[in-house]
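Asks: Have a look at this one before I ask anything.
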Amino acid sequence: MASQTTVLKVGMSCQGCVGAVKRVLGKLEGVESYDIDFDAQKVTVKGNVPPETVLQTVTKTGKKTAYWEAEAPAEPEAKPAEAVAAA
């Protein structure tokens, strides 16, 4: 499988939350790199990992987790209603 990027919106309220997300991503097989933007509540993961696996793994931390809307693997932003339906 080719390397891909998954972008998630994760509800992190403190550095402990960031640590929990770092911990699970560090153990996830196939992850090449990840970036956590605490202020934007945005987690970007690069590697040979399906987006669904990344989402499920981060959800296990107990944080509110969802795909980042603008980066969702669906239609371009021009058709938001269709992109939501296709997700």
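To be explicit about the labels: the chains of the structure tokens are called A, B, and onward in the order shown, and within each one the residues are counted from 1, while ligands get numbers from 1 in the order they are shown.
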Please report, as a list in words, each residue of segment 10-74 of chain A to which DSSP assigns alpha helix (DSSP H) when run on this structure's backbone.

Replies: Gln15, Gly16, Cys17, Val18, Gly19, Ala20, Val21, Lys22, Arg23, Val24, Leu25, Gly26, Lys27, Pro51, Glu52, Thr53, Val54, Leu55, Gln56, Thr57, Val58 and Thr59 of chain A

Asks: Name the residues of segment 26-77 of chain A that come out as strand (DSSP E or B) in a backbone DSSP run; write them as a short mmCIF file (atom, residue, chain, number, x, y, z; two decimals) with C-alpha atoms, in the first residue's frame.

Replies:
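Result file states-v2.cif:
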data_model
loop_
_atom_site.label_atom_id
_atom_site.label_comp_id
_atom_site.auth_asym_id
_atom_site.auth_seq_id
_atom_site.Cartn_x
_atom_site.Cartn_y
_atom_site.Cartn_z
CA VAL A 31 2.99 5.22 10.69
CA GLU A 32 5.94 7.10 9.18
CA SER A 33 5.34 10.47 10.83
CA TYR A 34 2.67 12.50 12.57
CA ASP A 35 2.09 16.10 13.49
CA ILE A 36 -0.16 17.28 16.30
CA ASP A 37 -1.42 20.88 16.21
CA LYS A 42 -5.60 18.83 14.24
CA VAL A 43 -3.66 15.57 13.92
CA THR A 44 -1.93 14.74 10.62
CA VAL A 45 -0.65 11.18 10.17
CA LYS A 46 1.51 9.97 7.27
CA GLY A 47 2.25 6.35 6.53
CA THR A 65 -12.23 12.19 16.93
CA ALA A 66 -13.43 12.83 13.38
CA TYR A 67 -11.99 13.27 9.91
#

Asks: Looking at A:Glu52, A:Asp39, A:Gly30, A:Thr61, which one is nearest to Val7 of chain A, with distances taken over only C-alpha atoms?

Replies: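 Going through A:Glu52, A:Asp39, A:Gly30, A:Thr61 one by one, the smallest distance to Val7 of chain A is for A:Glu52.
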
Asks: Need to verify the contact set: Ala20 of chain A, 12 Å, only C-alpha atoms, exclusion of same-chain residues closer than 2 positions in sequence. Can you return it as a PyMOL selection string?

Replies: chain A and resi 10-18+22-27+36+57-63

Asks: Now that the selection is made, can you save its residues with N, CA and C atoms as a PDB file, in the first residue's frame?

Replies:
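What ended up in result-v5.pdb:
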ATOM      1  N   VAL A  10      -9.196  16.228  16.510  1.00  0.00           N
ATOM      2  CA  VAL A  10      -9.217  15.503  17.780  1.00  0.00           C
ATOM      3  C   VAL A  10      -9.414  16.501  18.920  1.00  0.00           C
ATOM      4  N   GLY A  11     -10.401  16.240  19.770  1.00  0.00           N
ATOM      5  CA  GLY A  11     -10.690  17.125  20.894  1.00  0.00           C
ATOM      6  C   GLY A  11      -9.678  16.953  22.013  1.00  0.00           C
ATOM      7  N   MET A  12      -8.609  17.742  21.979  1.00  0.00           N
ATOM      8  CA  MET A  12      -7.552  17.661  22.994  1.00  0.00           C
ATOM      9  C   MET A  12      -7.616  18.914  23.863  1.00  0.00           C
ATOM     10  N   SER A  13      -7.796  18.723  25.167  1.00  0.00           N
ATOM     11  CA  SER A  13      -7.945  19.879  26.049  1.00  0.00           C
ATOM     12  C   SER A  13      -6.679  20.210  26.836  1.00  0.00           C
ATOM     13  N   CYS A  14      -5.691  19.306  26.828  1.00  0.00           N
ATOM     14  CA  CYS A  14      -4.465  19.566  27.591  1.00  0.00           C
ATOM     15  C   CYS A  14      -3.303  18.789  26.975  1.00  0.00           C
ATOM     16  N   GLN A  15      -2.107  19.016  27.509  1.00  0.00           N
ATOM     17  CA  GLN A  15      -0.929  18.322  26.986  1.00  0.00           C
ATOM     18  C   GLN A  15      -0.992  16.815  27.282  1.00  0.00           C
ATOM     19  N   GLY A  16      -1.736  16.433  28.309  1.00  0.00           N
ATOM     20  CA  GLY A  16      -1.925  15.003  28.597  1.00  0.00           C
ATOM     21  C   GLY A  16      -2.669  14.325  27.457  1.00  0.00           C
ATOM     22  N   CYS A  17      -3.644  15.053  26.879  1.00  0.00           N
ATOM     23  CA  CYS A  17      -4.388  14.528  25.727  1.00  0.00           C
ATOM     24  C   CYS A  17      -3.439  14.341  24.544  1.00  0.00           C
ATOM     25  N   VAL A  18      -2.594  15.341  24.320  1.00  0.00           N
ATOM     26  CA  VAL A  18      -1.617  15.270  23.238  1.00  0.00           C
ATOM     27  C   VAL A  18      -0.712  14.057  23.456  1.00  0.00           C
ATOM     28  N   LYS A  22      -0.093  10.886  20.989  1.00  0.00           N
ATOM     29  CA  LYS A  22       1.276  10.551  20.566  1.00  0.00           C
ATOM     30  C   LYS A  22       1.587   9.084  20.880  1.00  0.00           C
ATOM     31  N   ARG A  23       1.160   8.635  22.065  1.00  0.00           N
ATOM     32  CA  ARG A  23       1.434   7.271  22.497  1.00  0.00           C
ATOM     33  C   ARG A  23       0.824   6.239  21.544  1.00  0.00           C
ATOM     34  N   VAL A  24      -0.472   6.410  21.204  1.00  0.00           N
ATOM     35  CA  VAL A  24      -1.124   5.417  20.342  1.00  0.00           C
ATOM     36  C   VAL A  24      -0.582   5.479  18.913  1.00  0.00           C
ATOM     37  N   LEU A  25      -0.261   6.692  18.430  1.00  0.00           N
ATOM     38  CA  LEU A  25       0.279   6.797  17.073  1.00  0.00           C
ATOM     39  C   LEU A  25       1.693   6.224  17.003  1.00  0.00           C
ATOM     40  N   GLY A  26       2.444   6.381  18.076  1.00  0.00           N
ATOM     41  CA  GLY A  26       3.800   5.842  18.122  1.00  0.00           C
ATOM     42  C   GLY A  26       3.827   4.325  18.072  1.00  0.00           C
ATOM     43  N   LYS A  27       2.757   3.686  18.553  1.00  0.00           N
ATOM     44  CA  LYS A  27       2.674   2.217  18.556  1.00  0.00           C
ATOM     45  C   LYS A  27       2.023   1.665  17.293  1.00  0.00           C
ATOM     46  N   ILE A  36       0.990  16.942  15.473  1.00  0.00           N
ATOM     47  CA  ILE A  36      -0.158  17.279  16.305  1.00  0.00           C
ATOM     48  C   ILE A  36      -0.173  18.792  16.519  1.00  0.00           C
ATOM     49  N   THR A  57      -7.862   4.045  15.966  1.00  0.00           N
ATOM     50  CA  THR A  57      -6.777   4.035  16.950  1.00  0.00           C
ATOM     51  C   THR A  57      -6.820   5.283  17.825  1.00  0.00           C
ATOM     52  N   VAL A  58      -6.987   6.454  17.206  1.00  0.00           N
ATOM     53  CA  VAL A  58      -7.017   7.696  17.977  1.00  0.00           C
ATOM     54  C   VAL A  58      -8.293   7.755  18.830  1.00  0.00           C
ATOM     55  N   THR A  59      -9.401   7.213  18.320  1.00  0.00           N
ATOM     56  CA  THR A  59     -10.658   7.191  19.079  1.00  0.00           C
ATOM     57  C   THR A  59     -10.498   6.415  20.381  1.00  0.00           C
ATOM     58  N   LYS A  60      -9.629   5.403  20.393  1.00  0.00           N
ATOM     59  CA  LYS A  60      -9.402   4.587  21.595  1.00  0.00           C
ATOM     60  C   LYS A  60      -8.834   5.400  22.758  1.00  0.00           C
ATOM     61  N   THR A  61      -8.293   6.593  22.474  1.00  0.00           N
ATOM     62  CA  THR A  61      -7.769   7.435  23.554  1.00  0.00           C
ATOM     63  C   THR A  61      -8.912   8.053  24.353  1.00  0.00           C
ATOM     64  N   GLY A  62     -10.141   7.949  23.837  1.00  0.00           N
ATOM     65  CA  GLY A  62     -11.284   8.543  24.519  1.00  0.00           C
ATOM     66  C   GLY A  62     -11.547   9.978  24.097  1.00  0.00           C
ATOM     67  N   LYS A  63     -10.739  10.471  23.168  1.00  0.00           N
ATOM     68  CA  LYS A  63     -10.924  11.841  22.677  1.00  0.00           C
ATOM     69  C   LYS A  63     -11.960  11.845  21.554  1.00  0.00           C
TER      70      LYS A  63
END

Asks: Nearest residue to Lys64 of chain A out of A:Asn48, A:Lys9, A:Gln4, A:Val21, using only C-alpha atoms?

Replies: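 Of A:Asn48, A:Lys9, A:Gln4, A:Val21, the one nearest Lys64 of chain A, counting only C-alpha atoms, is A:Lys9.
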
Asks: Using only C-alpha atoms, which residue out of A:Ser3, A:Val49, A:Trp68, A:Leu8 lies closest to Glu29 of chain A?

Replies: A:Val49
